[in-house]
>>> print(open('structure-v6.cif').read())   # mmCIF, C-alpha atoms and all ligand atoms
data_run
loop_
_atom_site.label_atom_id
_atom_site.label_comp_id
_atom_site.auth_asym_id
_atom_site.auth_seq_id
_atom_site.Cartn_x
_atom_site.Cartn_y
_atom_site.Cartn_z
CA MET G 1 99.12 165.84 43.69
CA LYS G 2 98.48 162.39 42.27
CA GLY G 3 98.31 161.88 38.50
CA VAL G 4 95.20 159.83 37.74
CA ALA G 5 93.93 158.16 34.55
CA VAL G 6 90.23 157.28 34.45
CA LEU G 7 89.50 154.48 31.98
CA GLY G 8 85.72 154.42 31.50
CA SER G 9 85.23 158.06 32.54
CA THR G 10 81.78 158.35 30.90
CA GLY G 11 80.26 155.50 32.96
CA SER G 12 78.67 155.46 36.40
CA ILE G 13 81.96 154.79 38.27
CA GLY G 14 83.93 157.11 35.98
CA ARG G 15 81.55 160.05 36.55
CA ASN G 16 81.66 159.50 40.33
CA ALA G 17 85.47 159.38 40.17
CA LEU G 18 85.58 162.72 38.38
CA GLN G 19 83.33 164.15 41.07
CA VAL G 20 85.83 162.93 43.69
CA ALA G 21 88.67 164.55 41.73
CA ALA G 22 86.70 167.80 41.46
CA ASP G 23 86.10 167.73 45.24
CA HIS G 24 89.86 167.48 45.87
CA PRO G 25 91.60 169.53 43.19
CA ASP G 26 94.65 169.89 45.45
CA ARG G 27 95.11 166.08 45.62
CA PHE G 28 94.25 164.65 42.21
CA ARG G 29 95.19 165.74 38.73
CA ILE G 30 93.27 164.02 35.94
CA LEU G 31 95.90 163.22 33.33
CA ALA G 32 93.88 160.92 31.10
CA LEU G 33 90.27 160.16 30.26
CA ALA G 34 89.17 157.16 28.21
CA ALA G 35 85.75 156.00 27.06
CA GLY G 36 84.06 153.65 24.60
CA ARG G 37 81.65 155.58 22.37
CA ASN G 38 80.26 158.59 24.19
CA TRP G 39 82.48 161.26 22.60
CA ARG G 40 80.09 164.09 23.56
CA LEU G 41 80.37 163.44 27.31
CA LEU G 42 84.09 162.72 26.94
CA ALA G 43 84.58 166.10 25.26
CA GLU G 44 82.62 167.81 28.04
CA GLN G 45 84.78 166.10 30.68
CA ALA G 46 87.96 167.01 28.80
CA ARG G 47 86.96 170.69 28.67
CA ARG G 48 86.48 170.60 32.44
CA PHE G 49 89.62 168.68 33.46
CA VAL G 50 91.96 169.41 30.51
CA PRO G 51 93.80 166.06 30.69
CA ARG G 52 96.96 165.25 28.75
CA TYR G 53 95.21 162.40 26.88
CA CYS G 54 91.67 161.74 25.77
CA VAL G 55 91.09 158.26 24.34
CA LEU G 56 88.05 156.93 22.52
CA SER G 57 87.72 153.24 21.57
CA ASP G 58 85.04 153.71 18.92
CA PRO G 59 86.90 155.04 15.85
CA SER G 60 83.77 156.63 14.37
CA GLY G 61 83.68 159.36 17.04
CA ILE G 62 87.37 160.35 16.92
CA GLY G 63 86.93 163.04 14.26
CA GLU G 64 84.17 164.78 16.21
CA LEU G 65 86.17 164.54 19.44
CA ARG G 66 89.24 166.10 17.78
CA ARG G 67 87.15 168.97 16.42
CA GLU G 68 85.57 169.57 19.85
CA LEU G 69 88.94 169.69 21.61
CA ASP G 70 90.84 171.46 18.87
CA SER G 71 91.70 174.53 20.93
CA LEU G 72 92.86 172.60 24.02
CA PRO G 73 96.31 171.08 24.78
CA VAL G 74 94.79 167.57 24.83
CA GLU G 75 96.12 164.68 22.76
CA VAL G 76 93.15 162.82 21.28
CA LEU G 77 93.95 159.18 20.57
CA ALA G 78 92.09 156.07 19.46
CA GLY G 79 91.72 152.74 21.26
CA PRO G 80 94.75 150.62 22.15
CA GLU G 81 97.31 153.20 20.95
CA GLY G 82 95.82 155.71 23.37
CA TRP G 83 95.75 153.28 26.27
CA ASP G 84 99.45 152.49 25.67
CA ALA G 85 100.27 156.20 25.84
CA ILE G 86 98.40 156.51 29.14
CA VAL G 87 100.06 153.59 30.90
CA GLY G 88 103.45 154.60 29.46
CA ASP G 89 103.28 158.14 30.91
CA PRO G 90 105.45 158.31 34.05
CA ASP G 91 103.27 161.05 35.58
CA VAL G 92 100.25 158.75 35.65
CA GLU G 93 100.54 157.18 39.11
CA THR G 94 97.09 155.64 39.45
CA VAL G 95 94.97 154.02 36.78
CA LEU G 96 91.29 153.70 37.66
CA LEU G 97 89.84 150.83 35.65
CA ALA G 98 86.15 151.66 35.31
CA VAL G 99 85.38 150.27 31.87
CA VAL G 100 82.80 147.51 31.78
CA GLY G 101 83.59 143.95 30.69
CA ALA G 102 86.75 142.45 29.29
CA ALA G 103 87.80 145.49 27.23
CA GLY G 104 90.14 146.94 29.86
CA LEU G 105 92.16 143.80 30.46
CA PRO G 106 95.31 144.58 28.41
CA ALA G 107 95.50 148.16 29.75
CA ALA G 108 95.09 146.98 33.35
CA VAL G 109 97.86 144.40 33.04
CA ALA G 110 100.11 146.93 31.28
CA ALA G 111 99.49 149.45 34.10
CA LEU G 112 100.49 146.92 36.75
CA ARG G 113 103.54 145.84 34.77
CA SER G 114 104.69 149.44 34.69
CA GLY G 115 104.34 149.60 38.47
CA LYS G 116 101.31 151.87 38.68
CA ARG G 117 98.60 151.67 41.30
CA LEU G 118 95.55 149.99 39.81
CA ALA G 119 92.30 151.15 41.39
CA ILE G 120 90.01 148.46 40.06
CA ALA G 121 86.25 148.77 39.74
CA ASN G 122 86.06 146.34 36.85
CA LYS G 123 85.48 142.96 38.43
CA GLU G 124 85.27 141.08 35.12
CA CYS G 125 89.00 141.54 34.45
CA LEU G 126 89.98 140.21 37.88
CA VAL G 127 87.65 137.25 37.46
CA MET G 128 89.21 136.43 34.09
CA ALA G 129 92.85 136.98 34.85
CA GLY G 130 93.31 137.05 38.63
CA GLU G 131 96.53 135.00 38.45
CA ILE G 132 98.08 137.40 35.95
CA PHE G 133 97.08 140.44 37.98
CA SER G 134 98.54 139.02 41.21
CA ALA G 135 101.78 137.98 39.48
CA ALA G 136 102.21 141.34 37.72
CA ALA G 137 101.54 143.28 40.92
CA GLU G 138 103.96 141.14 42.91
CA GLU G 139 106.73 141.39 40.30
CA GLN G 140 106.58 145.18 40.14
CA GLY G 141 105.54 145.85 43.74
CA ALA G 142 102.44 147.53 42.27
CA GLU G 143 99.28 147.96 44.34
CA ILE G 144 95.79 146.78 43.44
CA LEU G 145 93.19 148.83 45.31
CA PRO G 146 89.59 147.57 45.17
CA VAL G 147 86.83 150.04 44.27
CA ASP G 148 83.93 147.61 44.50
CA SER G 149 82.24 148.56 47.79
CA GLU G 150 82.35 145.00 49.18
CA HIS G 151 86.04 144.51 48.42
CA SER G 152 86.93 147.96 49.63
CA ALA G 153 85.17 146.97 52.88
CA ILE G 154 87.20 143.76 53.13
CA PHE G 155 90.39 145.65 52.28
CA GLN G 156 89.67 148.00 55.19
CA ALA G 157 88.44 145.39 57.70
CA ILE G 158 91.18 142.84 57.00
CA ARG G 159 93.75 145.34 58.27
CA ALA G 160 92.46 144.72 61.80
CA GLY G 161 94.44 141.44 61.88
CA ARG G 162 97.08 139.46 59.98
CA PRO G 163 96.29 137.58 56.74
CA ALA G 164 96.89 134.19 58.40
CA GLU G 165 94.37 135.08 61.13
CA VAL G 166 91.42 135.44 58.74
CA ARG G 167 88.83 132.70 59.19
CA ARG G 168 86.47 133.88 56.46
CA VAL G 169 84.97 136.89 54.78
CA ILE G 170 81.25 137.58 54.46
CA LEU G 171 80.30 139.44 51.31
CA THR G 172 77.03 141.28 51.67
CA ALA G 173 74.50 141.43 48.83
CA SER G 174 71.45 143.69 48.53
CA GLY G 175 69.53 140.77 47.00
CA GLY G 176 68.54 142.86 43.97
CA PRO G 177 65.02 143.71 42.78
CA PHE G 178 63.70 140.12 42.85
CA ARG G 179 64.68 139.13 46.40
CA ARG G 180 61.06 138.77 47.51
CA MET G 181 59.59 137.63 44.21
CA PRO G 182 58.39 134.00 44.05
CA ARG G 183 60.51 131.74 41.86
CA THR G 184 57.73 131.20 39.34
CA ALA G 185 57.23 134.95 38.79
CA ILE G 186 60.94 135.49 38.06
CA GLU G 187 60.49 133.44 34.88
CA ASN G 188 58.75 136.36 33.16
CA VAL G 189 60.55 139.48 34.39
CA THR G 190 61.44 142.06 31.73
CA PRO G 191 64.76 143.89 31.22
CA GLU G 192 63.05 147.09 32.48
CA GLU G 193 62.13 145.38 35.77
CA ALA G 194 65.60 143.87 36.14
CA LEU G 195 67.19 147.28 35.54
CA ARG G 196 65.32 148.85 38.50
CA HIS G 197 67.80 148.29 41.35
CA PRO G 198 66.39 149.06 44.82
CA ILE G 199 69.57 150.74 46.21
CA TRP G 200 72.40 151.36 43.75
CA SER G 201 72.31 153.36 40.54
CA MET G 202 74.82 151.64 38.24
CA GLY G 203 75.55 150.73 34.62
CA GLU G 204 73.23 148.28 32.78
CA LYS G 205 75.44 145.21 32.84
CA ILE G 206 76.15 145.27 36.60
CA THR G 207 72.49 146.04 37.35
CA ILE G 208 71.39 142.85 35.54
CA ASP G 209 74.20 140.98 37.32
CA SER G 210 72.77 142.20 40.63
CA ALA G 211 69.31 140.95 39.68
CA THR G 212 70.61 137.44 38.83
CA MET G 213 73.11 137.63 41.73
CA MET G 214 75.82 136.79 39.20
CA ASN G 215 77.39 139.98 40.51
CA LYS G 216 78.05 138.17 43.79
CA ALA G 217 79.43 135.15 41.89
CA LEU G 218 81.90 137.49 40.20
CA GLU G 219 82.69 139.04 43.58
CA ILE G 220 83.49 135.62 45.08
CA LEU G 221 86.18 135.21 42.41
CA GLU G 222 87.28 138.81 42.86
CA ALA G 223 87.74 138.25 46.62
CA LYS G 224 89.67 135.04 46.01
CA TRP G 225 92.24 136.91 43.90
CA LEU G 226 92.41 140.18 45.79
CA PHE G 227 92.85 138.64 49.23
CA GLY G 228 94.34 135.21 48.47
CA LEU G 229 91.37 133.36 50.01
CA ARG G 230 90.19 129.78 49.55
CA PRO G 231 86.67 129.54 48.10
CA ASP G 232 85.38 127.96 51.34
CA GLN G 233 86.48 131.10 53.21
CA ILE G 234 84.07 133.27 51.20
CA GLU G 235 80.45 133.42 52.29
CA VAL G 236 77.54 135.55 51.06
CA ALA G 237 74.85 137.16 53.23
CA VAL G 238 71.85 139.04 51.86
CA HIS G 239 71.67 142.43 53.55
CA PRO G 240 68.92 144.47 51.85
CA GLN G 241 69.85 147.83 53.44
CA SER G 242 73.38 147.77 51.91
CA ILE G 243 74.88 149.57 54.92
CA VAL G 244 77.31 146.86 56.02
CA HIS G 245 79.47 146.60 52.92
CA SER G 246 81.17 143.35 54.01
CA MET G 247 82.75 141.68 57.05
CA VAL G 248 85.89 139.80 57.99
CA GLU G 249 85.85 137.14 60.68
CA PHE G 250 89.19 136.41 62.35
CA HIS G 251 90.10 133.08 63.91
CA ASP G 252 89.50 134.35 67.46
CA GLY G 253 85.83 134.94 66.54
CA ALA G 254 86.08 138.74 66.21
CA VAL G 255 84.11 140.07 63.23
CA VAL G 256 85.15 143.41 61.75
CA ALA G 257 82.57 145.03 59.46
CA GLN G 258 82.86 148.17 57.38
CA MET G 259 79.71 150.28 57.16
CA GLY G 260 78.54 153.47 55.56
CA VAL G 261 75.85 155.00 53.39
CA PRO G 262 75.68 153.35 49.97
CA ASP G 263 77.64 155.90 47.92
CA MET G 264 80.29 154.71 45.46
CA LYS G 265 82.22 157.96 45.87
CA ILE G 266 83.42 156.69 49.27
CA PRO G 267 85.26 153.53 48.05
CA ILE G 268 86.40 155.31 44.87
CA GLN G 269 87.97 158.11 46.88
CA PHE G 270 89.61 155.67 49.30
CA ALA G 271 91.16 153.68 46.43
CA LEU G 272 92.61 156.89 45.01
CA SER G 273 93.78 158.44 48.28
CA TYR G 274 94.93 155.34 50.25
CA PRO G 275 96.56 155.31 52.77
CA ASP G 276 95.10 158.77 53.46
CA ARG G 277 91.43 159.36 54.20
CA LEU G 278 90.26 162.62 52.73
CA PRO G 279 87.28 164.54 54.12
CA ARG G 280 83.92 164.47 52.37
CA SER G 281 81.32 167.15 52.92
CA ASP G 282 78.20 164.89 52.74
CA PRO G 283 76.01 164.79 55.87
CA GLY G 284 77.64 161.48 56.83
CA PHE G 285 76.18 158.43 58.55
CA ARG G 286 73.06 159.03 60.66
CA PHE G 287 72.29 155.83 62.54
CA ARG G 288 68.65 156.90 63.12
CA ASP G 289 68.07 156.58 59.38
CA PHE G 290 69.19 152.96 59.49
CA ALA G 291 67.58 151.63 62.66
CA GLU G 292 67.24 148.12 61.26
CA LEU G 293 70.02 146.10 59.69
CA THR G 294 68.99 142.60 58.63
CA PHE G 295 70.84 139.61 57.21
CA GLU G 296 69.44 136.58 55.39
CA GLU G 297 70.74 133.37 53.91
CA PRO G 298 70.79 133.70 50.10
CA ASP G 299 68.36 131.50 48.18
CA THR G 300 70.58 129.55 45.80
CA GLY G 301 67.55 127.70 44.40
CA LYS G 302 66.14 131.00 43.17
CA PHE G 303 69.54 132.49 42.34
CA PRO G 304 71.69 129.59 41.05
CA ALA G 305 74.37 132.06 39.85
CA LEU G 306 75.76 132.10 43.38
CA ARG G 307 76.65 128.42 43.23
CA LEU G 308 78.46 129.04 39.97
CA GLY G 309 80.73 131.60 41.62
CA HIS G 310 81.92 129.06 44.16
CA ALA G 311 82.18 126.34 41.48
CA ALA G 312 84.37 128.56 39.27
CA ALA G 313 86.52 129.58 42.24
CA GLU G 314 87.04 125.88 43.11
CA ALA G 315 87.79 124.88 39.51
CA GLY G 316 90.28 127.73 39.05
CA GLY G 317 92.32 128.36 35.88
CA THR G 318 90.31 129.41 32.83
CA MET G 319 86.91 128.70 34.48
CA GLY G 320 86.65 132.31 35.73
CA ALA G 321 87.07 133.65 32.19
CA VAL G 322 84.46 131.16 30.94
CA LEU G 323 81.91 132.14 33.59
CA ASN G 324 82.46 135.82 32.83
CA ALA G 325 82.29 135.54 29.03
CA ALA G 326 79.21 133.30 29.02
CA ASN G 327 77.52 135.70 31.41
CA GLU G 328 78.30 138.78 29.27
CA VAL G 329 76.76 137.09 26.23
CA ALA G 330 73.73 135.83 28.15
CA VAL G 331 73.08 139.24 29.76
CA GLN G 332 73.13 140.85 26.31
CA GLY G 333 70.77 138.11 25.06
CA PHE G 334 68.35 138.98 27.88
CA LEU G 335 68.61 142.74 27.26
CA ASP G 336 67.91 142.06 23.56
CA ARG G 337 64.85 139.99 24.64
CA ARG G 338 66.18 136.82 23.02
CA ILE G 339 66.19 134.78 26.25
CA ARG G 340 64.23 134.81 29.49
CA PHE G 341 65.77 135.92 32.77
CA PRO G 342 66.44 132.45 34.32
CA ARG G 343 68.25 131.39 31.13
CA ILE G 344 71.12 133.78 31.98
CA ALA G 345 72.41 131.62 34.85
CA ALA G 346 71.36 128.41 33.06
CA ILE G 347 73.42 129.27 29.98
CA VAL G 348 76.45 130.12 32.11
CA GLU G 349 76.07 126.79 33.90
CA GLU G 350 75.75 124.85 30.63
CA VAL G 351 78.86 126.49 29.16
CA MET G 352 80.85 125.87 32.36
CA ALA G 353 79.78 122.20 32.38
CA THR G 354 81.40 121.60 29.00
CA HIS G 355 84.64 123.43 29.83
CA ASP G 356 87.77 121.67 30.94
CA PRO G 357 89.68 124.39 32.83
CA ARG G 358 93.34 124.95 32.03
CA PRO G 359 95.90 126.91 34.03
CA VAL G 360 96.17 130.61 33.20
CA ARG G 361 99.77 131.42 32.27
CA SER G 362 99.29 134.26 29.81
CA LEU G 363 96.70 136.70 28.52
CA GLU G 364 96.36 134.45 25.45
CA ASP G 365 95.11 131.59 27.68
CA VAL G 366 92.46 133.95 28.98
CA THR G 367 91.42 135.36 25.61
CA GLU G 368 91.20 131.90 24.11
CA ALA G 369 88.89 130.66 26.89
CA ASP G 370 86.91 133.89 26.61
CA ARG G 371 86.45 133.43 22.85
CA TRP G 372 85.43 129.79 23.21
CA ALA G 373 82.88 130.57 25.93
CA ARG G 374 81.38 133.47 23.94
CA THR G 375 80.82 131.20 20.93
CA GLU G 376 79.23 128.49 23.08
CA ALA G 377 77.00 130.96 24.94
CA GLN G 378 75.99 132.67 21.69
CA ARG G 379 74.94 129.31 20.28
CA LEU G 380 72.76 128.67 23.37
CA VAL G 381 71.25 132.18 23.24
N1 LIG Q 1 78.43 151.27 38.96
C1 LIG Q 1 78.76 150.81 40.13
O1 LIG Q 1 78.27 151.28 41.16
C2 LIG Q 1 79.77 149.71 40.23
C3 LIG Q 1 80.07 149.19 41.50
C4 LIG Q 1 81.06 148.23 41.61
C5 LIG Q 1 81.73 147.77 40.48
N2 LIG Q 1 81.40 148.26 39.26
C6 LIG Q 1 82.12 147.75 38.07
O2 LIG Q 1 82.73 148.86 37.43
C7 LIG Q 1 82.74 148.66 36.02
C8 LIG Q 1 82.05 149.86 35.37
O3 LIG Q 1 80.69 149.85 35.78
P1 LIG Q 1 79.70 151.06 35.46
O4 LIG Q 1 78.48 150.76 36.24
O5 LIG Q 1 80.42 152.34 35.67
O6 LIG Q 1 79.45 150.81 33.90
P2 LIG Q 1 78.83 151.81 32.82
O7 LIG Q 1 78.09 152.92 33.49
O8 LIG Q 1 78.14 150.97 31.83
O9 LIG Q 1 80.15 152.46 32.16
C9 LIG Q 1 81.03 151.70 31.40
C10 LIG Q 1 82.20 152.54 30.93
O10 LIG Q 1 83.06 151.70 30.14
C11 LIG Q 1 83.29 152.36 28.89
N3 LIG Q 1 83.58 151.37 27.87
C12 LIG Q 1 82.79 150.35 27.45
N4 LIG Q 1 83.41 149.64 26.47
C13 LIG Q 1 84.61 150.24 26.29
C14 LIG Q 1 85.70 150.01 25.42
N5 LIG Q 1 85.71 149.03 24.52
N6 LIG Q 1 86.78 150.84 25.50
C15 LIG Q 1 86.79 151.85 26.39
N7 LIG Q 1 85.80 152.12 27.23
C16 LIG Q 1 84.72 151.32 27.18
C17 LIG Q 1 82.01 153.15 28.64
O11 LIG Q 1 82.23 154.14 27.67
P3 LIG Q 1 81.00 154.76 26.78
O12 LIG Q 1 79.87 155.02 27.72
O13 LIG Q 1 81.63 156.01 26.26
O14 LIG Q 1 80.69 153.76 25.72
C18 LIG Q 1 81.79 153.71 30.05
O15 LIG Q 1 82.65 154.78 30.28
C19 LIG Q 1 82.06 147.33 35.77
O16 LIG Q 1 83.01 146.34 35.64
C20 LIG Q 1 81.23 147.11 37.03
O17 LIG Q 1 81.05 145.73 37.33
C21 LIG Q 1 80.45 149.22 39.11
#
>>> encode(input="structure-v6.cif", output="structure tokens", more="lines below")
Ligand SMILES: NC(=O)c1ccc[n+]([C@@H]2O[C@H](COP(=O)([O-])OP(=O)(O)OC[C@H]3O[C@@H](n4cnc5c(N)ncnc54)[C@H](OP(=O)(O)O)[C@@H]3O)[C@@H](O)[C@H]2O)c1
Amino acid sequence: MKGVAVLGSTGSIGRNALQVAADHPDRFRILALAAGRNWRLLAEQARRFVPRYCVLSDPSGIGELRRELDSLPVEVLAGPEGWDAIVGDPDVETVLLAVVGAAGLPAAVAALRSGKRLAIANKECLVMAGEIFSAAAEEQGAEILPVDSEHSAIFQAIRAGRPAEVRRVILTASGGPFRRMPRTAIENVTPEEALRHPIWSMGEKITIDSATMMNKALEILEAKWLFGLRPDQIEVAVHPQSIVHSMVEFHDGAVVAQMGVPDMKIPIQFALSYPDRLPRSDPGFRFRDFAELTFEEPDTGKFPALRLGHAAAEAGGTMGAVLNAANEVAVQGFLDRRIRFPRIAAIVEEVMATHDPRPVRSLEDVTEADRWARTEAQRLV
């Protein structure tokens, strides 16, 4: 039985993770659930899994949550105090970071520093503070297990050789809803259109990131930190069917790809159960349903965000945090209908152009760059 904490349990990844835990009650015990605002769903989840801790970041819902869970042996805590209790509990072996954005950063670093396995869905935190994550994991011998389907694929494929034998990795991208749309038409797309992803059903922020392809920019940085790669070793291929989740090319020319139906429960379960593979009862992969797998060169003219991912990976230091923060602000500006779709990547580029990256030595370096970039991006929005 593995003790698991799910931070962001009310979101798309969090709900899938709880389904995985429910499918394997003999393997996972949910010891903690944490969410932002949705106290109703959190209460429902707590009644089902009866965790030791239930943590809500929004203080206005705490009273309701306490009343709902009054009769259960669940400690209801608010924000940072609650997260500290979770990462400080010795029975919590794995922390699944499934909150969106920068909010989970301190808890993730604290989990690694206390030697826990970090199953990480949240790419923003890795992009911001990759150095700190790698150093904390190394110091404590803690493991970072990727949940993102592409990085889970690389994690699996890369084990077919030695790290020094990797020539490059190829991250696959669905291309999002505007892959075939002419550049001029993209100018006027609405948030509703951008939120209609052709393959994956995900939270709002990542769905917009998929439409701009900023998601892949973040994933370039994520791959750099998770696998210790140089930016020129990370390539992107558009693969609209989303069956090949990513590939690793070794220096003898062999390419190892990981494939499967697009279902986030598969990489989530693997991150929780690794090194074991637990059975799933779904019908599995039927090759007849996927007779055609295609790959295309991404159009960086139409999707300039991709270039920014490589640029930030080359620049290093605080540039990752700046890209991420400017993007979060710009995405919100688009969802609030204050800017047009192409301005998202343009604003990120403008903020990056005025930033002089500094080395990341502490969380303060990251939060300072994050704050600066948010102010700049807000001004441009
Ligand atoms: N969805 C996917 O298929 C997918 C795939 C790969 C990677 N990811 C990454 O996984 C992360 C989560 O994505 P998602 O799609 O699951 O997002 P989502 O559906 O929007 O869920 C976000 C979760 O974060 C919680 N949250 C937000 N702010 C918080 C705060 N200040 N304190 C505590 N919890 C907070 C939300 O709680 P409330 O709802 O209660 O406010 C919710 O549980 C993102 O970083 C995303 O890039 C997602």
>>> residues_near_point(input="structure-v6.cif", point="(88.3, 143.6, 35.4)", cutoff="12 Å", atoms="only C-alpha atoms", output="PyMOL selection string")
chain G and resi 7-8+96-109+118-130+132-133+144+146-148+218-219+221-222+225-226+320-321+324-325
>>> write_last_selection(input="structure-v6.cif", atoms="C-alpha atoms", output="compact mmCIF listing (two decimals), keeping the file's coordinate frame")
# COMPACT_ATOMS: atom_id res chain seq x y z
CA LEU G 7 89.50 154.48 31.98
CA GLY G 8 85.72 154.42 31.50
CA LEU G 96 91.29 153.70 37.66
CA LEU G 97 89.84 150.83 35.65
CA ALA G 98 86.15 151.66 35.31
CA VAL G 99 85.38 150.27 31.87
CA VAL G 100 82.80 147.51 31.78
CA GLY G 101 83.59 143.95 30.69
CA ALA G 102 86.75 142.45 29.29
CA ALA G 103 87.80 145.49 27.23
CA GLY G 104 90.14 146.94 29.86
CA LEU G 105 92.16 143.80 30.46
CA PRO G 106 95.31 144.58 28.41
CA ALA G 107 95.50 148.16 29.75
CA ALA G 108 95.09 146.98 33.35
CA VAL G 109 97.86 144.40 33.04
CA LEU G 118 95.55 149.99 39.81
CA ALA G 119 92.30 151.15 41.39
CA ILE G 120 90.01 148.46 40.06
CA ALA G 121 86.25 148.77 39.74
CA ASN G 122 86.06 146.34 36.85
CA LYS G 123 85.48 142.96 38.43
CA GLU G 124 85.27 141.08 35.12
CA CYS G 125 89.00 141.54 34.45
CA LEU G 126 89.98 140.21 37.88
CA VAL G 127 87.65 137.25 37.46
CA MET G 128 89.21 136.43 34.09
CA ALA G 129 92.85 136.98 34.85
CA GLY G 130 93.31 137.05 38.63
CA ILE G 132 98.08 137.40 35.95
CA PHE G 133 97.08 140.44 37.98
CA ILE G 144 95.79 146.78 43.44
CA PRO G 146 89.59 147.57 45.17
CA VAL G 147 86.83 150.04 44.27
CA ASP G 148 83.93 147.61 44.50
CA LEU G 218 81.90 137.49 40.20
CA GLU G 219 82.69 139.04 43.58
CA LEU G 221 86.18 135.21 42.41
CA GLU G 222 87.28 138.81 42.86
CA TRP G 225 92.24 136.91 43.90
CA LEU G 226 92.41 140.18 45.79
CA GLY G 320 86.65 132.31 35.73
CA ALA G 321 87.07 133.65 32.19
CA ASN G 324 82.46 135.82 32.83
CA ALA G 325 82.29 135.54 29.03
>>> residues_around(input="structure-v6.cif", residues="region 247-255 of chain G", least_positions_apart="3", cutoff="12 Å", atoms="only C-alpha atoms", output="mmCIF file with C-alpha atoms, in the frame of the given file")
data_model
loop_
_atom_site.group_PDB
_atom_site.id
_atom_site.type_symbol
_atom_site.label_atom_id
_atom_site.label_comp_id
_atom_site.auth_asym_id
_atom_site.auth_seq_id
_atom_site.Cartn_x
_atom_site.Cartn_y
_atom_site.Cartn_z
ATOM 1 C CA SER G 149 82.240 148.560 47.790
ATOM 2 C CA GLU G 150 82.350 145.000 49.180
ATOM 3 C CA HIS G 151 86.040 144.510 48.420
ATOM 4 C CA SER G 152 86.930 147.960 49.630
ATOM 5 C CA ALA G 153 85.170 146.970 52.880
ATOM 6 C CA ILE G 154 87.200 143.760 53.130
ATOM 7 C CA PHE G 155 90.390 145.650 52.280
ATOM 8 C CA GLN G 156 89.670 148.000 55.190
ATOM 9 C CA ALA G 157 88.440 145.390 57.700
ATOM 10 C CA ILE G 158 91.180 142.840 57.000
ATOM 11 C CA ARG G 159 93.750 145.340 58.270
ATOM 12 C CA ALA G 160 92.460 144.720 61.800
ATOM 13 C CA GLY G 161 94.440 141.440 61.880
ATOM 14 C CA ARG G 162 97.080 139.460 59.980
ATOM 15 C CA PRO G 163 96.290 137.580 56.740
ATOM 16 C CA ALA G 164 96.890 134.190 58.400
ATOM 17 C CA GLU G 165 94.370 135.080 61.130
ATOM 18 C CA VAL G 166 91.420 135.440 58.740
ATOM 19 C CA ARG G 167 88.830 132.700 59.190
ATOM 20 C CA ARG G 168 86.470 133.880 56.460
ATOM 21 C CA VAL G 169 84.970 136.890 54.780
ATOM 22 C CA ILE G 170 81.250 137.580 54.460
ATOM 23 C CA LEU G 171 80.300 139.440 51.310
ATOM 24 C CA THR G 172 77.030 141.280 51.670
ATOM 25 C CA ALA G 173 74.500 141.430 48.830
ATOM 26 C CA ALA G 223 87.740 138.250 46.620
ATOM 27 C CA PHE G 227 92.850 138.640 49.230
ATOM 28 C CA LEU G 229 91.370 133.360 50.010
ATOM 29 C CA GLN G 233 86.480 131.100 53.210
ATOM 30 C CA ILE G 234 84.070 133.270 51.200
ATOM 31 C CA GLU G 235 80.450 133.420 52.290
ATOM 32 C CA VAL G 236 77.540 135.550 51.060
ATOM 33 C CA ALA G 237 74.850 137.160 53.230
ATOM 34 C CA HIS G 239 71.670 142.430 53.550
ATOM 35 C CA ILE G 243 74.880 149.570 54.920
ATOM 36 C CA VAL G 244 77.310 146.860 56.020
ATOM 37 C CA GLN G 258 82.860 148.170 57.380
ATOM 38 C CA MET G 259 79.710 150.280 57.160
#
>>> residues_around(input="structure-v6.cif", residues="region 200-211 of chain G", least_positions_apart="3", cutoff="10 Å", atoms="all atoms listed in the file", output="MDAnalysis selection string")
chainID G and resid 11:13 100:101 122:123 173:179 191:197 214:218 242 262:264 303 305 327:328 331:332 334:335 341 344:345
>>> residues_near_point(input="structure-v6.cif", point="(72.3, 129.7, 32.5)", cutoff="12 Å", atoms="only C-alpha atoms", output="PyMOL selection string")
chain G and resi 212+214+303-308+323-324+326-331+333-334+339-353+376-378+380-381
>>> closest_residue(input="structure-v6.cif", among="G:Met319, G:Ala21, G:Val55, G:Ala373", to="Lys2 (chain G)", atoms="all atoms listed in the file")
G:Ala21
>>> atom_distance(input="structure-v6.cif", atom1="CA of Thr375 (chain G)", atom2="CA of His355 (chain G)")
12.4 Å
>>> atom_distance(input="structure-v6.cif", atom1="CA of Ile30 (chain G)", atom2="atom P3 of ligand LIG 1 (chain Q)")
17.9 Å
>>> atom_distance(input="structure-v6.cif", atom1="CA of Ala311 (chain G)", atom2="CA of Asp299 (chain G)")
16.2 Å
>>> closest_residue(input="structure-v6.cif", among="G:Pro51, G:Gly228, G:Pro90, G:Gly61", to="Glu75 (chain G)", atoms="all atoms listed in the file")
G:Pro51
>>> axis_aligned_box(input="structure-v6.cif", around="region 7-21 of chain G", padding_each_side="5 Å", output="lines of an AutoDock Vina configuration file")
center_x = 84.1
center_y = 159.5
center_z = 37.3
size_x = 20.8
size_y = 20.1
size_z = 22.8
>>> residues_around(input="structure-v6.cif", residues="Ala34 (chain G)", least_positions_apart="4", cutoff="12 Å", atoms="all atoms listed in the file", output="ChimeraX atom specification")
/G:4-11,14-15,30,38-39,41-43,45-46,51-58,62,65,75-87,95-99,103-104,107
>>> residues_around(input="structure-v6.cif", residues="Gly316 (chain G)", least_positions_apart="2", cutoff="9 Å", atoms="only C-alpha atoms", output="PyMOL selection string")
chain G and resi 311-314+318-320+357-360
>>> closest_residue(input="structure-v6.cif", among="G:Pro240, G:Gly36, G:Gly3, G:Pro298", to="ligand LIG 1 (chain Q)", atoms="all atoms listed in the file")
G:Gly36
